[in-house]
Structure formats: C-alpha cells, structure tokens
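Input: a single structure, listed below in structure tokens.
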Amino acid sequence: HRLDADEVALNGAEMYNIDSGTTDTYLISSLSDEFRRVWKEITGLDYSNDPISTDAAWDGSLSRFPTLVMQFLPHPEGVVGDQDHYDDPRTVPGLAGLVDLNHPNDVMVAIPPRNYMQRSTSPDGRGAVYT
C-alpha cells in the first residue's frame, strides 16, 4: 500500500530531515491522516501510540502489522554506492534499483514491526511512529 501524499507539500522548501537522535520515528504531520487511513485499511485497527493488546507470543502478534517502507531521494550531488557498483544501482543494497526502475538511486528503508512496535512494561506494545 502506498500513501497518497503530495511530495512537494511533504518535503517543503527544506526537503525532509532524518534525525537519529531518538529511538522513535516522527513523520511530518501532513502524513498523519493518510498514514492512519492506510494503517486501518491494512490492520483493521485505528493507529495510536497508546498500548495495543498483543498475544502472549510477542513475535507472533507482530505479524498482523505491516513493514513500513520509506523511499528517499538522494542528494543530487551525492555519490550513491561505491565505485564498483555505482554504474548499476540494482547491485547496491538499500537502493531502489530493482523495485523502482524510474528512481533506481533512491534509498529505501524497510522498518519491520519488530523495530517500530515497542514493548511496554506490561505484555502490551505501542507504536513508536508518531504522526
């Protein structure tokens, strides 16, 4: 499922910023409604950062949640991949080469539920993606 988002409105004049200073993932607020709509379509649940009841087996209960895939445009002056693979982005791990033939040098990041759902002190978990 792809979010229906206007790239110009999403990125703005400053483009998108990635900050590794937190363990949570923060999406730009203009994605909130669309993210929540697609989340509900996929899981049948309303998205919330409140605790979500999970089955006794944590790993098994995570299978009902999607893997989030984010695709980022590389800096226009940046070099993607190493010299040996630069000519063929299909061979560089993490690039869109085989997935998006129109934008093969885009960077793709897949975030499985195990990495964005956080266990709390109870047997429940909560989403660590904020919109």
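Ligands are numbered from 1 in the order shown, chains are lettered A, B, ... in the order of the structure tokens, and residues start at 1 in each chain.
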
Residues within 12 Å of Asp33 in chain A, only C-alpha atoms, excluding chain neighbours under 2 positions, as number ranges by chain: A: 3-5, 27-31, 35-40, 46-48, 130-131

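Nearest residue to Val99 in chain A among A:Thr25, A:Gln71, A:Leu45, A:Pro66 is A:Gln71, counting only C-alpha atoms.
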
Atom pair CA of Asp106 in chain A + CA of Gln118 in chain A, distance 28.2 Å
